[in-house]
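To be precise, the following lines are final.csv, and they hold CSV, C-alpha atoms and all ligand atoms.
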chain,number,residue,atom,x,y,z
A,291,MET,CA,10.6,-162.9,106.0
A,292,ARG,CA,13.0,-162.8,109.0
A,293,LYS,CA,14.2,-159.3,109.9
A,294,THR,CA,17.9,-159.0,110.2
A,295,ILE,CA,19.1,-158.5,113.8
A,296,ILE,CA,22.5,-157.0,114.6
A,297,ALA,CA,23.6,-157.0,118.3
A,298,GLY,CA,26.7,-155.5,119.8
A,299,ASN,CA,28.2,-157.4,122.7
A,300,TRP,CA,30.5,-154.9,124.4
A,301,LYS,CA,31.8,-157.6,126.8
A,302,LEU,CA,33.8,-156.2,129.7
A,303,ASN,CA,34.5,-152.8,128.2
A,304,LYS,CA,33.5,-149.2,128.7
A,305,THR,CA,32.9,-147.1,131.8
A,306,CYS,CA,29.4,-145.5,132.1
A,307,LYS,CA,30.7,-142.4,130.6
A,308,GLU,CA,32.4,-144.2,127.6
A,309,ALA,CA,29.2,-146.3,127.1
A,310,VAL,CA,27.1,-143.2,126.9
A,311,GLU,CA,29.5,-141.6,124.5
A,312,LEU,CA,29.5,-144.7,122.2
A,313,VAL,CA,25.7,-145.1,122.3
A,314,THR,CA,25.1,-141.4,121.7
A,315,GLU,CA,27.3,-141.5,118.6
A,316,LEU,CA,25.7,-144.7,117.4
A,317,ASN,CA,22.2,-143.3,118.0
A,318,ARG,CA,23.0,-140.2,115.9
A,319,GLU,CA,23.7,-142.5,112.9
A,320,VAL,CA,21.0,-145.2,113.3
A,321,SER,CA,18.3,-144.3,115.8
A,322,GLN,CA,15.7,-144.1,113.1
A,323,VAL,CA,16.6,-147.3,111.3
A,324,THR,CA,13.6,-149.7,110.9
A,325,GLU,CA,14.9,-152.2,108.3
A,326,VAL,CA,17.2,-153.9,110.8
A,327,ASP,CA,16.7,-154.7,114.5
A,328,ILE,CA,19.6,-153.2,116.5
A,329,VAL,CA,20.7,-154.1,120.0
A,330,VAL,CA,23.6,-153.0,122.2
A,331,CYS,CA,24.7,-155.0,125.2
A,332,PRO,CA,26.8,-153.0,127.7
A,333,VAL,CA,28.1,-154.2,131.1
A,334,PHE,CA,25.4,-154.3,133.9
A,335,THR,CA,26.6,-151.1,135.5
A,336,ALA,CA,26.1,-149.1,132.3
A,337,LEU,CA,22.6,-150.4,131.4
A,338,ARG,CA,20.6,-147.6,133.1
A,339,ASP,CA,22.7,-144.8,131.6
A,340,VAL,CA,22.6,-146.3,128.1
A,341,SER,CA,18.9,-146.9,128.4
A,342,ASP,CA,18.4,-143.2,129.2
A,343,VAL,CA,20.1,-142.3,125.9
A,344,LEU,CA,17.9,-144.8,123.9
A,345,VAL,CA,14.6,-143.2,124.8
A,346,ASP,CA,12.7,-142.7,121.5
A,347,SER,CA,15.4,-144.7,119.6
A,348,ASN,CA,15.0,-147.8,117.6
A,349,VAL,CA,18.2,-149.1,119.1
A,350,LYS,CA,17.3,-151.6,121.8
A,351,LEU,CA,19.2,-152.5,125.0
A,352,GLY,CA,20.4,-156.0,126.1
A,353,ALA,CA,22.3,-157.4,129.0
A,354,GLN,CA,25.2,-160.0,128.6
A,355,ASN,CA,24.1,-162.5,131.2
A,356,LEU,CA,21.6,-163.0,134.1
A,357,TYR,CA,21.0,-165.2,137.1
A,358,TRP,CA,18.0,-167.5,137.1
A,359,GLU,CA,16.6,-166.6,140.5
A,360,ASP,CA,14.7,-163.3,140.7
A,361,ALA,CA,16.0,-162.2,144.1
A,362,GLY,CA,17.4,-163.4,147.4
A,363,ALA,CA,20.7,-164.3,149.0
A,364,PHE,CA,22.8,-164.6,145.8
A,365,THR,CA,25.7,-162.2,146.3
A,366,GLY,CA,27.1,-160.7,143.1
A,367,GLU,CA,24.3,-161.9,140.8
A,368,VAL,CA,21.9,-159.8,138.6
A,369,SER,CA,18.4,-161.1,137.8
A,370,ALA,CA,16.0,-160.9,134.9
A,371,PRO,CA,13.6,-158.5,136.7
A,372,LEU,CA,16.5,-156.1,137.5
A,373,ILE,CA,17.7,-156.2,133.9
A,374,LYS,CA,14.2,-155.4,132.7
A,375,ASP,CA,14.0,-152.6,135.3
A,376,ALA,CA,17.2,-151.1,133.9
A,377,GLY,CA,15.5,-150.9,130.5
A,378,ALA,CA,16.8,-153.9,128.7
A,379,GLN,CA,14.6,-156.0,126.3
A,380,TYR,CA,17.2,-158.6,125.3
A,381,VAL,CA,19.8,-160.8,127.2
A,382,ILE,CA,22.7,-162.8,125.9
A,383,ILE,CA,22.6,-166.3,127.4
A,384,GLY,CA,25.3,-169.0,127.3
A,385,HIS,CA,28.0,-167.0,125.6
A,386,SER,CA,31.1,-169.2,125.0
A,387,GLU,CA,33.1,-167.0,127.4
A,388,ARG,CA,30.6,-167.8,130.1
A,389,ARG,CA,30.9,-171.5,129.3
A,390,GLN,CA,34.7,-171.3,129.2
A,391,TYR,CA,35.5,-169.1,132.2
A,392,PHE,CA,32.4,-169.2,134.5
A,393,GLY,CA,31.4,-172.9,134.3
A,394,GLU,CA,28.1,-172.4,132.5
A,395,THR,CA,26.6,-175.6,131.1
A,396,ASP,CA,23.6,-176.4,128.9
A,397,ALA,CA,21.7,-177.0,132.2
A,398,THR,CA,22.4,-173.6,133.7
A,399,ILE,CA,21.7,-172.0,130.3
A,400,ASN,CA,18.4,-173.8,130.2
A,401,LYS,CA,17.4,-172.3,133.5
A,402,LYS,CA,18.5,-168.8,132.6
A,403,ILE,CA,16.4,-168.8,129.4
A,404,LYS,CA,13.3,-169.6,131.5
A,405,ALA,CA,14.1,-166.6,133.8
A,406,ALA,CA,14.5,-164.3,130.8
A,407,LEU,CA,11.2,-165.5,129.1
A,408,ALA,CA,9.3,-165.1,132.4
A,409,GLN,CA,10.2,-161.4,132.3
A,410,GLY,CA,9.4,-160.9,128.6
A,411,LEU,CA,13.1,-160.5,127.8
A,412,THR,CA,14.3,-161.9,124.4
A,413,PRO,CA,17.1,-164.4,125.1
A,414,ILE,CA,20.0,-164.5,122.6
A,415,VAL,CA,21.0,-168.1,123.1
A,416,CYS,CA,24.6,-168.9,122.1
A,417,VAL,CA,26.1,-172.1,120.7
A,418,GLY,CA,29.4,-172.8,119.2
A,419,GLU,CA,32.2,-175.3,118.8
A,420,LEU,CA,35.9,-175.1,119.9
A,421,LEU,CA,38.7,-175.3,117.3
A,422,GLU,CA,39.6,-178.8,118.4
A,423,GLU,CA,36.0,-180.0,118.1
A,424,ARG,CA,35.9,-178.6,114.6
A,425,GLU,CA,39.2,-180.2,113.7
A,426,SER,CA,38.1,-183.6,115.0
A,427,GLY,CA,34.9,-183.4,112.9
A,428,ASP,CA,32.6,-183.0,115.9
A,429,THR,CA,31.0,-179.7,115.0
A,430,GLU,CA,27.6,-181.1,114.3
A,431,LYS,CA,27.6,-183.3,117.4
A,432,VAL,CA,28.6,-180.4,119.7
A,433,ILE,CA,26.1,-177.9,118.2
A,434,THR,CA,23.3,-180.5,118.4
A,435,GLU,CA,24.1,-181.3,122.0
A,436,GLN,CA,24.3,-177.6,123.0
A,437,PHE,CA,21.1,-176.8,121.2
A,438,LYS,CA,19.1,-179.7,122.6
A,439,GLY,CA,20.4,-179.2,126.2
A,440,SER,CA,19.8,-175.5,126.2
A,441,LEU,CA,16.3,-175.7,124.8
A,442,ALA,CA,15.1,-178.9,126.5
A,443,GLY,CA,11.6,-178.6,127.8
A,444,TYR,CA,10.6,-175.5,125.9
A,445,SER,CA,7.6,-175.2,123.6
A,446,ALA,CA,7.5,-173.9,120.1
A,447,ASP,CA,5.9,-170.7,121.3
A,448,ASP,CA,8.8,-170.2,123.8
A,449,VAL,CA,11.4,-170.8,121.1
A,450,LYS,CA,9.7,-168.3,118.8
A,451,ARG,CA,10.5,-165.7,121.4
A,452,MET,CA,14.3,-166.4,121.2
A,453,VAL,CA,17.2,-165.6,119.0
A,454,ILE,CA,19.9,-168.2,118.4
A,455,ALA,CA,23.5,-167.1,118.0
A,456,TYR,CA,26.1,-169.4,116.3
A,457,GLU,CA,29.5,-168.4,117.5
A,458,PRO,CA,32.4,-170.7,116.6
A,459,VAL,CA,34.8,-170.2,119.5
A,460,TRP,CA,37.8,-170.3,117.2
A,461,ALA,CA,36.5,-167.2,115.3
A,462,ILE,CA,35.8,-165.0,118.4
A,463,GLY,CA,38.2,-162.2,118.8
A,464,THR,CA,40.8,-163.9,116.6
A,465,GLY,CA,40.2,-162.0,113.4
A,466,LYS,CA,39.6,-165.5,111.8
A,467,THR,CA,36.0,-165.4,110.6
A,468,ALA,CA,34.2,-168.5,109.5
A,469,THR,CA,33.8,-168.4,105.8
A,470,PRO,CA,30.2,-167.7,104.6
A,471,ASP,CA,29.9,-171.3,103.6
A,472,GLN,CA,31.2,-172.7,106.9
A,473,ALA,CA,28.8,-170.4,108.8
A,474,GLN,CA,25.9,-171.3,106.5
A,475,GLU,CA,26.5,-175.0,107.0
A,476,VAL,CA,26.0,-174.7,110.8
A,477,HIS,CA,23.1,-172.2,110.5
A,478,LYS,CA,21.4,-174.7,108.2
A,479,LEU,CA,22.0,-177.4,110.8
A,480,ILE,CA,20.5,-175.2,113.5
A,481,ARG,CA,17.5,-174.4,111.3
A,482,GLN,CA,17.0,-178.2,110.8
A,483,LEU,CA,17.2,-178.7,114.6
A,484,LEU,CA,14.6,-176.0,115.1
A,485,ALA,CA,12.3,-177.8,112.6
A,486,ASP,CA,12.8,-181.2,114.0
A,487,GLY,CA,12.3,-180.1,117.6
A,488,PHE,CA,9.7,-177.3,117.3
A,489,GLY,CA,8.2,-177.6,113.9
A,490,GLN,CA,8.8,-176.0,110.5
A,491,GLU,CA,6.8,-172.9,111.4
A,492,THR,CA,9.1,-172.2,114.3
A,493,ALA,CA,12.2,-172.9,112.1
A,494,ASP,CA,11.0,-170.4,109.6
A,495,VAL,CA,10.6,-167.5,112.0
A,496,VAL,CA,13.5,-167.9,114.5
A,497,ARG,CA,16.5,-165.7,113.7
A,498,ILE,CA,20.0,-167.1,113.8
A,499,GLN,CA,22.9,-164.7,114.2
A,500,TYR,CA,26.5,-165.4,113.3
A,501,GLY,CA,29.2,-164.2,115.7
A,502,GLY,CA,33.0,-164.3,115.5
A,503,SER,CA,35.1,-161.6,114.0
A,504,ALA,CA,32.1,-160.1,112.1
A,505,LYS,CA,33.0,-156.7,110.7
A,506,PRO,CA,32.0,-154.2,108.0
A,507,GLU,CA,34.2,-156.0,105.5
A,508,ASN,CA,32.6,-159.4,105.8
A,509,ILE,CA,29.0,-158.8,107.1
A,510,THR,CA,27.5,-158.5,103.6
A,511,GLU,CA,28.6,-161.9,102.4
A,512,LEU,CA,27.6,-163.5,105.7
A,513,ILE,CA,24.1,-162.2,105.8
A,514,GLN,CA,23.5,-163.0,102.1
A,515,GLN,CA,23.5,-166.7,103.2
A,516,PRO,CA,20.0,-168.0,103.4
A,517,ASP,CA,20.1,-169.1,107.1
A,518,ILE,CA,22.2,-166.2,108.5
A,519,ASP,CA,19.8,-163.6,109.9
A,520,GLY,CA,22.2,-161.1,111.5
A,521,ALA,CA,25.3,-160.9,113.7
A,522,LEU,CA,26.4,-160.8,117.3
A,523,VAL,CA,29.3,-158.5,117.1
A,524,GLY,CA,32.1,-158.1,119.6
A,525,GLY,CA,35.2,-156.0,118.7
A,526,ALA,CA,33.6,-154.1,115.8
A,527,SER,CA,30.7,-153.0,118.0
A,528,LEU,CA,33.0,-151.0,120.3
A,529,LYS,CA,33.3,-148.2,117.7
A,530,SER,CA,30.2,-146.4,116.5
A,531,ASP,CA,31.4,-146.0,112.9
A,532,SER,CA,32.2,-149.7,112.3
A,533,PHE,CA,29.0,-150.9,114.0
A,534,ALA,CA,26.9,-148.3,112.1
A,535,GLN,CA,28.6,-149.3,108.9
A,536,MET,CA,27.7,-153.0,109.5
A,537,ILE,CA,24.0,-151.9,110.0
A,538,LYS,CA,24.1,-149.9,106.8
A,539,ASN,CA,25.6,-152.9,104.9
A,540,CYS,CA,22.8,-155.1,106.2
A,541,ILE,CA,20.1,-152.6,105.1
A,542,ALA,CA,21.7,-152.7,101.6
A,543,VAL,CA,21.2,-156.5,101.4
A,544,ALA,CA,17.7,-157.2,100.2
A,545,LYS,CA,16.6,-160.3,102.1
A,601,LIG,P1,34.3,-160.7,118.1
A,601,LIG,O1,33.4,-160.0,117.1
A,601,LIG,O2,35.2,-159.7,118.8
A,601,LIG,O3,35.0,-161.8,117.5
A,601,LIG,O4,33.4,-161.3,119.2
A,601,LIG,C1,32.3,-162.1,118.9
A,601,LIG,C2,31.5,-162.4,120.1
A,601,LIG,O5,31.9,-163.1,121.0
A,601,LIG,C3,30.2,-161.7,120.2
A,601,LIG,O6,29.4,-162.2,121.2
Show the structure stored in the file as structure tokens.
Ligand code: 13P
Amino acid sequence: MRKTIIAGNWKLNKTCKEAVELVTELNREVSQVTEVDIVVCPVFTALRDVSDVLVDSNVKLGAQNLYWEDAGAFTGEVSAPLIKDAGAQYVIIGHSERRQYFGETDATINKKIKAALAQGLTPIVCVGELLEERESGDTEKVITEQFKGSLAGYSADDVKRMVIAYEPVWAIGTGKTATPDQAQEVHKLIRQLLADGFGQETADVVRIQYGGSAKPENITELIQQPDIDGALVGGASLKSDSFAQMIKNCIAVAK
């Protein structure tokens, strides 16, 4: 019912030349895949070059962030219209690294989502708890607050145009993946929050990705969980063979 979506977040990695090499190799393997939605998210400076490689490909392009104003005196920022102009269809919003290092809050994330939707970009909205929050039993409270704050004021129709990513911060880049059961528990909570806030029909169609040390070895078990609809992949998306293998493993799972 929900199509699996695998997105590669390349974070602050790859020159334009390296990005083109990576996406060219990936495209060779998976450009005609239709069973799974595939997205790659390079740095801003490589968006255009990567977009040129993806003409006629089923692999789609995303950015890693945006600013909520469209244009003006905002030195150093990149807006939704410019991201769209560079060929992107998706944008990651509220990644924990942006919350942690760049002062993003649920309120700024909320504004960024609006800017993305206004341009027809699909926001990948990230939520996730810190290790100390998990250890003190606050996971549900933290996820609920982030979810409600980020999506405050949106309609069911808006939310249907989004993807949610659950990324436990303690699992990002650590090699320590959430177990399928731990991940499923939070995905189920997010599905319930979707139903409570935006109706069951919305909850049934919105895809929820897992992120945090996802790799070829664990992706199958993760996406076999009923509420896990894909992955937002960091490290394992930086090599075409591991990312392509994850996609193939997802195709093999009949959902
Ligand atoms: P890793 O897959 O490197 O743990 O990163 C996850 C992530 O932050 C994706 O957005």
- Neighbours of Arg497 in chain A within 7 Å (only C-alpha atoms; same-chain residues fewer than 3 positions away dropped), as a VMD selection string? chain A and resid 292 453 to 454 519
- Using only C-alpha atoms and all ligand atoms, which protein or nucleic acid residues are at most 7 Å from ligand LIG 601 (chain A), as JSON, numbers by chain? {"A": [299, 385, 457, 461, 462, 463, 464, 465, 501, 502, 503, 504, 522, 523, 524, 525, 526]}
May I have the residues from that selection written out with C-alpha atoms, as a tab-separated table (two decimals), in the coordinates of the input?
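Listing of selection14.tsv after writing:
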chain	number	residue	atom	x	y	z
A	299	ASN	CA	28.20	-157.40	122.70
A	385	HIS	CA	28.00	-167.00	125.60
A	457	GLU	CA	29.50	-168.40	117.50
A	461	ALA	CA	36.50	-167.20	115.30
A	462	ILE	CA	35.80	-165.00	118.40
A	463	GLY	CA	38.20	-162.20	118.80
A	464	THR	CA	40.80	-163.90	116.60
A	465	GLY	CA	40.20	-162.00	113.40
A	501	GLY	CA	29.20	-164.20	115.70
A	502	GLY	CA	33.00	-164.30	115.50
A	503	SER	CA	35.10	-161.60	114.00
A	504	ALA	CA	32.10	-160.10	112.10
A	522	LEU	CA	26.40	-160.80	117.30
A	523	VAL	CA	29.30	-158.50	117.10
A	524	GLY	CA	32.10	-158.10	119.60
A	525	GLY	CA	35.20	-156.00	118.70
A	526	ALA	CA	33.60	-154.10	115.80
- What residues have an atom no more than 12 Å from (9.0, -172.2, 121.8) in the file's own frame, counting only C-alpha atoms, and can you write them as a PyMOL selection string? chain A and resi 403-404+407+412-413+441-453+484-485+487-493+495-496
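Atom pair CA of Leu356 in chain A / CA of Thr305 in chain A has a distance of 19.6 Å (rounded to one decimal).
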- Can you find the residues with an atom no farther than 9 Å from (26.8, -164.0, 128.0), counting all atoms listed in the file, and report them as a ChimeraX atom specification? /A:299,301,353-356,381-389,414-416
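For range 322-333 of chain A, the list of residues within 7 Å, based on only C-alpha atoms and with local chain neighbours fewer than 2 positions off taken out, reads Lys293, Thr294, Ile295, Ile296, Ala297, Gly298, Asn299, Trp300, Lys301, Leu302, Val320, Thr335, Ala336, Leu337, Ser347, Asn348, Val349, Lys350, Leu351, Gly352, Ala353, Gln354 and Ile541 of chain A.
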Spatial neighbours of Ile513 in chain A, 9 Å, all atoms listed in the file, chain gap at least 6 places, as a PDB file with C-alpha atoms, in the frame of the given file:
ATOM      1  CA  THR A 294      17.900-159.000 110.200  1.00  0.00           C
ATOM      2  CA  PRO A 470      30.200-167.700 104.600  1.00  0.00           C
ATOM      3  CA  GLN A 499      22.900-164.700 114.200  1.00  0.00           C
ATOM      4  CA  TYR A 500      26.500-165.400 113.300  1.00  0.00           C
ATOM      5  CA  ASP A 519      19.800-163.600 109.900  1.00  0.00           C
ATOM      6  CA  GLY A 520      22.200-161.100 111.500  1.00  0.00           C
ATOM      7  CA  ALA A 521      25.300-160.900 113.700  1.00  0.00           C
ATOM      8  CA  CYS A 540      22.800-155.100 106.200  1.00  0.00           C
ATOM      9  CA  VAL A 543      21.200-156.500 101.400  1.00  0.00           C
ATOM     10  CA  LYS A 545      16.600-160.300 102.100  1.00  0.00           C
TER      11      LYS A 545
END
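Closest approach to Gln535 in chain A among A:Ala397, A:Val459, A:Ala473, A:Leu316 is made by A:Leu316 (distances from all atoms listed in the file).
CA of Pro458 in chain A sits 15.6 Å away from CA of Asn508 in chain A.
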